[in-house]
Amino acid sequence: MPENVSHEIPKTYEPQAVEAHWYQRWIDADCFRAVLDAARPERAFAIMMPPPNVTGVLHMGHLLNNTIQDVLVRRARQKGMAALWLPGTDHAGIATQSRVEKELRKNGVTRHTLGREKFVAAVADWRDKHGGIILDQLKKLGASCDWSRKIHTLDPDYSQSVLQTFVTLYQRGYIYRGRRMVNWCPVSLTGLSDEEVIMKPQRSVFYRMRYEIVEHPNEFVEIGTTRPETIPGDTAVAVNPADTRYAHLIGKHVWRPFPRAKIPIVADPLVEKDFGSGVLKVTPAHDKVDFEIGRRHKLEVLDVMNPDGTMNALAGDDLAGLDRFDARTVAAEKLRSLGLLIKEEPYENNVGYSERADVPVEPRLSEQWFIRYPKVEEAKRAVTEGVICLHPERWKKVYLHWLNNVQDWCISRQLWWGHRIPVWYKKDADRNDPAACHVAIEPPADPENWEQDTDVLDTWASSWLWCLSTLGWQKPGDTTPELNFWYPTSVLVTAPEIIFLWVARMIIAGLEFHGPEKNTLTDAEIRARIPFQNVYFNGIVRDTQGRKMSKSLGNSPEPLDLIARFGADGIRLGLLSIAPKGQDILFDEERIAPGRNFCNKLWNAARFRQMSGGKNTTPATSLAALAARINPALCDANDHAILSALAAATDTINTAFDAFDFNTYTATLHQFFRTDFCDWHIEVSKARIQNDATRDTALAVYDICLRQFLLLLHPVAPFISEELFHLLGYCGENDFIQNICPDSGESILQTLATHGVTIDQCAVADTSVLREFITTARALKSRQNLGARKDSRLILTPKDTHAQAFASARSDMIKKLVGASELIFSDPPTDNNPATPTPLGTLTLDTTGNIDTAAEKKRLSNELQRLDNLIAASNTKLANPAFLAKAPPAILAGARAQLADLLSRRDELARLLASMNRPPSPEGTTAP
RNA sequence: GGGGGUAUAGCUCAGUUGGUUAGAGCGUCUGCUUGACAUGCAGAAGGUCGCAGAUUCGAAUUCUGCUACUCCCACCA
């Protein structure tokens, strides 16, 4: 055993112990600390972790998202980049506040009985207790974040920057206050942005009713609604100005049923002629469209609801105090009793739900702060010009569509947990008079005369600064050494769900705030201001039925439990290899088990390498040192083949990384290691390991493969790769695999050549012929249920002298791999022994009777039929003059060669089939 | 209503710019405790590449239409 292999590899791989050990060592050695290198800006590589909510618990989506980030950052670290992965958490206004309010309610306490200051303190307290859990859980996954830089969106510095951007945007004219229709959540009691409203199809009732025309008693117009409870808020009915049916009624009035009142009939183009009766009841206080119509026609705005969704006094005695949905039933009853209800029809429509509270939002008129987005054109250009690349690219369209239709952003929330809006109003003054507003981070000098706005900012109005404020940015135009070095960051890894809520807004924030104030930006300025260069959208992790993971469905596995059972590396490998590019993932434990199995396989292969010994005493910490152990004269064709495959796999993986193609990455790891290295190369070279003369060279080839493979594997499976790298002595005791860059394919070939091993492509080709021959021979045996026997006699009728020499030289190898006691070269026996064509000639299995002749004949006929079909197709193609004239020569030659091959195999099969039809010869087997 | 996405083996997915007989993992079947590994090995079965056209010498791949499922956006009450 080599001296540098100082520890024996245990029999079974125990991920828990290995993971805990290495994570601690990495932390102790400060492996994840990002150190800027101002002199070499090209070394910068940064990823900002999408900050999880402090209320969040680790779920499958986090596992995938953070695995991808960790893979990218570890890869960068190996390549010698100054790699920064910055973690943090989001204060998550509504979610956190509701969570704590719920706790308080258990003790009969509300935020109002507690008061603002104490309540915020209580929430902060809860956050301090629970908010860090999710990041600690990520450590179990192996996340290599620079934990010393952990940021929270309510940290004092971060908060300052949030307030400062509000003030700046106000000064630049992008922020205004207005009485507008907003999406009101009657449970959270706050306004919401459009992006926080989820449309859901709803089974509703469409009420068709009639309103009497004031000027024409006993004449009615029919009106449809799904919300009769809002009738008391009606202040008009509207028709389309081009609708001839109602033209004579415009300017007249109808009776609102309850409370009974005269309301005008107006004409407005927003009304669809063809929908329902073409008459719309207008409730300006409770519908966005109606509000717009009301504004144009100067209609009264009658708010008949309380903030909590109950009806108020204006709704009339029968409805007042009722919940909006109960009021709907009562209102319908009232219509019926008044004889105004024509019909109730089942109806499916889309209703907006509050994302957090999951109740229908109520369009509600209220005073809110809005942002008119700056730099919208530049934000589009950043993506259309490819300054920011989206992966997969198709999200471009979604992103641009949003920007093309973007509405002003309602940023005030009627909550207490968050960044309090930095605006003070002069007492007893008109709040809409700018002169009576003090907008600044610092309160006015005479605070007793002012009142601060009670609202806080939308959480996303803080997280849109994530790429800036995490790097010490405090105010627009700021630069810091950290910003200069790491900004723009390299990749953002996130879910497409938040492309509007977060991604687009971060881009806008970067463009507006990073650099001096400018109205428009050049391409170069865009390049300098964007927050990230790439966005990788990972899919959503769903269950096997395609449903989102959720607590209430109980379909979400416990990630820490999975890590304990499969190992972090196993999960990472499993998740990454099943994640289709840009598609959602259907998660099932069964589907990630191969990740764990692969780790086990690797462990055992390493163990086999170590148990195979070797007399090397020199350290083997580089490719060159390992290559130096090879005696080129002892390299066989299999060595050439596996080393060639290693270089090819390396190149494939490098290309895959550049394209964020993780499918190819994991598939290549699997193909190379399992199929090429373990199942073929190790097996085929075992004899050479047992031979003193060849052992060192064979082991050196193992080591080159294992070392390079571990380096390539490390980003996705950091723990096991580090452990084995050390156990196999590929680095010093105090080194880490993260600091070692895998050689490129070309560099591997060059280093080998320097040490006398120039990959021989003929040898590589020979190996693939041998593999095919072995597989065919095994199949031949297996069909006779002799797969496990090692005493079979094989008779090869070589197709030419080269084939004979080839097989003869490898006779021992073939016998061992196929499981045969003899390999005889001879003409085919004349009786009905099973046989098969192979690349080297016809191979016959010498059986002593008892073969299933019928089954074998059937198989041969099927195979013959298949070949005949292929030959027919091939002939047709080659008989086509157009093909002969237009196909490239290489394709043509290929087609001809293929046909020749098919024909010879067909002839051989036909001969074998014919021989099976003869009665068996009485002597049994024939031999030369 | 508008815009995406997907459709390939029983299941989940690969399939690079069109090119020789469409691949993998899981599952299934058969055999095997082979001196690293049963979380394994060997072998096998299994596909009209959603449907219909078009382009081409040649289409899973490009184009058109259709169908099914799915996601996002949207002010039809």
# chains A, B, ... in the order shown; residues from 1 in each chain; ligands from 1

$ residues_around --residues "range 35-43 of chain B" --least-positions-apart "3" --cutoff "8 Å" --atoms "only C-alpha atoms (C1' of nucleotides)" --output "list in words"
Pro594, Arg596, Asn597, Phe598, Asn600, Lys601, Asn604, Ala605, Ala606, Arg607, Phe608, Arg609, Arg778, Ala779, Ser782, Arg783 and Gly787 of chain A; U30, G31 and C32 of chain B

$ residues_around --residues "range 57-72 of chain B" --least-positions-apart "5" --cutoff "9 Å" --atoms "only C-alpha atoms (C1' of nucleotides)" --output "PyMOL selection string"
(chain A and resi 398+497+877+880-887) or (chain B and resi 3-8+15+18-19+22+49-52)

$ select_by_dssp --residues "range 13-235 of chain A" --states "alpha helix (DSSP H)" --output "MDAnalysis selection string"
chainID A and resid 15:28 60:78 93:106 111:114 116:130 133:141 156:171

$ residues_around --residues "Arg75 in chain A" --least-positions-apart "2" --cutoff "8 Å" --atoms "only C-alpha atoms (C1' of nucleotides)" --output "PyMOL selection string"
chain A and resi 71-73+77-79+714-715+738

$ write_last_selection --atoms "N, CA, C and O atoms" --output "compact mmCIF listing (two decimals), in the first residue's frame"
# COMPACT_ATOMS: atom_id res chain seq x y z
N VAL A 71 -23.13 24.11 -6.56
CA VAL A 71 -22.38 23.50 -7.66
C VAL A 71 -21.62 24.59 -8.41
O VAL A 71 -20.42 24.45 -8.68
N LEU A 72 -22.31 25.67 -8.71
CA LEU A 72 -21.67 26.75 -9.48
C LEU A 72 -20.54 27.40 -8.70
O LEU A 72 -19.47 27.68 -9.25
N VAL A 73 -20.77 27.63 -7.43
CA VAL A 73 -19.77 28.36 -6.67
C VAL A 73 -18.56 27.47 -6.36
O VAL A 73 -17.41 27.91 -6.38
N ARG A 77 -14.71 28.06 -7.46
CA ARG A 77 -13.61 28.01 -6.49
C ARG A 77 -12.50 27.09 -7.00
O ARG A 77 -11.33 27.42 -6.93
N GLN A 78 -12.90 25.96 -7.56
CA GLN A 78 -11.89 25.04 -8.11
C GLN A 78 -11.10 25.70 -9.23
O GLN A 78 -9.91 25.46 -9.39
N LYS A 79 -11.80 26.52 -10.00
CA LYS A 79 -11.12 27.16 -11.12
C LYS A 79 -10.27 28.34 -10.69
O LYS A 79 -9.70 29.05 -11.51
N HIS A 714 -16.67 16.88 -7.69
CA HIS A 714 -16.70 17.66 -6.46
C HIS A 714 -17.81 18.71 -6.37
O HIS A 714 -18.48 18.81 -5.36
N PRO A 715 -18.07 19.49 -7.41
CA PRO A 715 -19.12 20.51 -7.26
C PRO A 715 -20.46 19.93 -6.83
O PRO A 715 -21.15 20.52 -6.00
N GLN A 738 -11.37 21.61 -3.03
CA GLN A 738 -11.96 22.81 -3.61
C GLN A 738 -10.91 23.74 -4.23
O GLN A 738 -11.24 24.60 -5.05

$ residues_around --residues "Lys397 in chain A" --least-positions-apart "6" --cutoff "12 Å" --atoms "only C-alpha atoms (C1' of nucleotides)" --output "number ranges by chain"
A: 380, 383-384, 390, 403-404, 499; B: 3-4, 72-73

$ select_by_dssp --residues "range 519-656 of chain A" --states "strand (DSSP E or B)" --output "compact mmCIF listing (two decimals) with N, CA, C and O atoms, in the first residue's frame"
# COMPACT_ATOMS: atom_id res chain seq x y z
N PHE A 532 -26.77 41.24 -12.21
CA PHE A 532 -26.23 39.90 -12.46
C PHE A 532 -26.13 39.69 -13.96
O PHE A 532 -26.84 40.33 -14.73
N GLN A 533 -25.26 38.80 -14.36
CA GLN A 533 -25.03 38.58 -15.78
C GLN A 533 -25.86 37.42 -16.32
O GLN A 533 -26.17 37.37 -17.50
N ASN A 534 -26.17 36.48 -15.44
CA ASN A 534 -26.95 35.32 -15.86
C ASN A 534 -28.05 35.06 -14.86
O ASN A 534 -27.86 35.28 -13.66
N VAL A 535 -29.17 34.61 -15.35
CA VAL A 535 -30.22 34.13 -14.45
C VAL A 535 -30.53 32.69 -14.85
O VAL A 535 -30.87 32.43 -16.00
N TYR A 536 -30.38 31.80 -13.89
CA TYR A 536 -30.74 30.41 -14.16
C TYR A 536 -32.04 30.13 -13.42
O TYR A 536 -32.13 30.29 -12.20
N PHE A 537 -33.05 29.74 -14.19
CA PHE A 537 -34.34 29.45 -13.57
C PHE A 537 -34.45 27.96 -13.31
O PHE A 537 -34.47 27.16 -14.25
N VAL A 541 -40.23 22.10 -7.69
CA VAL A 541 -40.27 20.69 -7.30
C VAL A 541 -41.71 20.34 -6.94
O VAL A 541 -42.31 20.96 -6.07
N ARG A 542 -42.25 19.37 -7.65
CA ARG A 542 -43.63 18.95 -7.40
C ARG A 542 -43.65 17.48 -6.98
O ARG A 542 -42.64 16.81 -7.04
N LYS A 548 -47.92 21.00 -6.42
CA LYS A 548 -46.89 21.69 -5.64
C LYS A 548 -46.77 21.02 -4.28
O LYS A 548 -47.74 20.52 -3.74
N ILE A 585 -39.91 19.65 -11.71
CA ILE A 585 -39.42 18.32 -11.37
C ILE A 585 -40.50 17.56 -10.62
O ILE A 585 -41.07 18.06 -9.67
N LEU A 586 -40.75 16.35 -11.06
CA LEU A 586 -41.66 15.51 -10.30
C LEU A 586 -40.80 14.70 -9.35
O LEU A 586 -40.02 13.84 -9.76

$ closest_residue --among "A:Val289, A:Ala890, A:Ala777, A:Ala872" --to "chain B" --atoms "only C-alpha atoms (C1' of nucleotides)"
A:Val289

$ residues_around --residues "range 102-117 of chain A" --least-positions-apart "5" --cutoff "12 Å" --atoms "only C-alpha atoms (C1' of nucleotides)" --output "list in words"
Ile94, Ala95, Thr96, Gln97, Ala122, Val123, Ala124, Trp126, Val187, Ser188, Leu415, Trp416, Trp417, Gly418, Arg420, Thr454, Asp455 and Val456 of chain A

$ residues_around --residues "U16 in chain B" --least-positions-apart "5" --cutoff "12 Å" --atoms "only C-alpha atoms (C1' of nucleotides)" --output "PyMOL selection string"
(chain A and resi 652+655-656+659+661+664) or (chain B and resi 61)

$ residues_around --residues "range 906-918 of chain A" --least-positions-apart "2" --cutoff "10 Å" --atoms "only C-alpha atoms (C1' of nucleotides)" --output "NGL selection string"
:A and (828-837 or 841-842 or 844 or 853-854 or 856-861 or 863-868 or 871 or 900-904 or 920-921)

$ atom_distance --atom1 "CA of Gln804 in chain A" --atom2 "CA of Ile630 in chain A"
29.3 Å
